[in-house]
Structure formats: structure tokens, C-alpha cells
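To start, the structure itself, in C-alpha cells.
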Amino acid sequence: SPDSLNIGARHISVSTSGIVPAIAALEKENLQITLSISLHASNDARRSALMPVNRKWSVDELLGAAKHYFNATGRRVSIEYTLIAGENDGEDDAKELASLLRRYFARGDALHINLIPVNPVKESGFSAGSRESIERFRLSLERAGFTATVRRTLGPDISASCGQLRRKRETDKA
């Protein structure tokens, strides 16, 4: 709206952890926005451990809804994938992710993979891999025909980024 910030819809992304009925509802709105899917794993077992929402809507249900959204709207789908050292960032993980996405998206579909090195957060025990391992993961996806970029690190100073926002306790300030 020119009466507000005047931001074009094509510059807006709606991110979801995987609430499949909400994706279908968003699709019906027929907005010119990007759908961002927080995936973070390429199989149900690993994704359920990282993201409990997966216990209700599986990876296949989620990606099926994302593909349906793309087919109905023609709008880009972005896959958000947080890279966690030793959890989901190996060469086999990249190949499994590429194989999974290829089941739903064809070459030429407006799909983008946004790789996010995890911010180390004491409570989670997670850490990011090396720059080299992150780059190997990205290159593996590109060799499989996907566009993938590594997002710059944001929020490590406040234990935040991609689902990592933590409330600081007085005991954490020491």
C-alpha cells in the first residue's frame, strides 16, 4: 500500500515450519509472495527430532503442499535448511536432500535452497560446520541441479536465528 511502507508483494516471504493446511489456505489467497519452508532435514526421523511439527505433517505432506502451492501460484518456493555439524550437513545428507526435492520439483521450477549455518546456542549443543563443509554441501546441491546459497550469519550475539531465539536468564548473563 502506498499509504504504508509501499513494499511490493514480490519482496515478501511467508515462512512456515510446515503447517500444511495453512499452506493450502495461503495458496487460495493468490498473493505474489514467496513461500519459505523450514525443512532442516530430508527424512521424517531426523526432521521430527529437530522439528516436532513434523510428527503431525510429514516431509512428504509438506513438500507436496509446497509443490501444489508452486503449481497453483507460479511463485517461488524457498527451502530453508539449517546446517548443523554432524546432524544434517554431510555429503550423504546433501544427496538425500537433492533426491527428496527432485521428487517434487523439476529443473526449471522456481525453487531456491537457502543454507543457514546454525548459530551455536549453548542449550542445544548444536554448532555449524566449517566453511569448507558448508561449501561442499552447497556444491553438491548445485551439481544436482539446484540453486543454493549460504545465508550470512545473523543473530549469534543474541542466541537467535532460524528458530533459535532464546530468552536470556539472569544466570546466563554471568
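Ligands are numbered from 1 in the order shown, residues from 1 within each chain, and chains are lettered A, B, ... in the order they appear in the C-alpha cells.
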Practice task
Compile the contact shell of Gly145 (chain A) as a ChimeraX atom specification: residues with an atom at most 9 Å away, counting only C-alpha atoms, same-chain residues fewer than 3 positions apart removed.
Solution key: /A:98,107,140-142
Practice task
Pick out each residue of region 56-148 of chain A that DSSP on the backbone tags as strand (DSSP E); I need them as an MDAnalysis selection string.
Solution key: chainID A and resid 77:83 111:117 147:148
Handout entry: Who sits within 8 Å of region 89-92 of chain A, only C-alpha atoms, same chain under 3 positions skipped, as JSON, numbers by chain
Key = {"A": [83, 84, 85, 86, 95, 96, 129, 133, 134, 136, 137, 140]}
Handout entry: Residues near Gly64 (chain A), cut-off 10 Å, only C-alpha atoms, skip fewer than 5 positions along chain, as a ChimeraX atom specification
Key = /A:20,58-59,69-70,103-105
Practice task
List every residue of region 26-100 of chain A that DSSP, applied to the backbone of this structure, places in helix (DSSP H, G or I), and write the result as a PyMOL selection string.
Solution key: chain A and resi 26-29+44-50+52-55+59-73+91-100
Exercise for the section: Please identify all polymer residues within 10 Å of Ala66 (chain A), counting only C-alpha atoms, omitting same-chain residues fewer than 2 positions from it, and present them as a count of residues only. Expected result: 24
Handout entry: Pairwise distance for CA of Pro120 (chain A) and CA of Glu80 (chain A), rounded to one decimal in Å
Key = 17.5 Å
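The smallest atom-to-atom distance between Leu111 (chain A) and any of A:Leu39, A:Thr34, A:Glu135, A:Val53, using only C-alpha atoms, is found for A:Thr34.
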Fill in the blank from the handout: The distance between CA of Thr149 (chain A) and CA of Lys56 (chain A) is 29.1 Å
Problem - Among listed residues A:Thr16, A:Thr147, A:Asn88, A:Ser127, nearest His40 (chain A) (using only C-alpha atoms) - result: A:Asn88
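When only C-alpha atoms are used to compute distances to His11 (chain A), the closest of the residues A:Leu115, A:Leu50, A:Ile33, A:Ala25 turns out to be A:Ile33.
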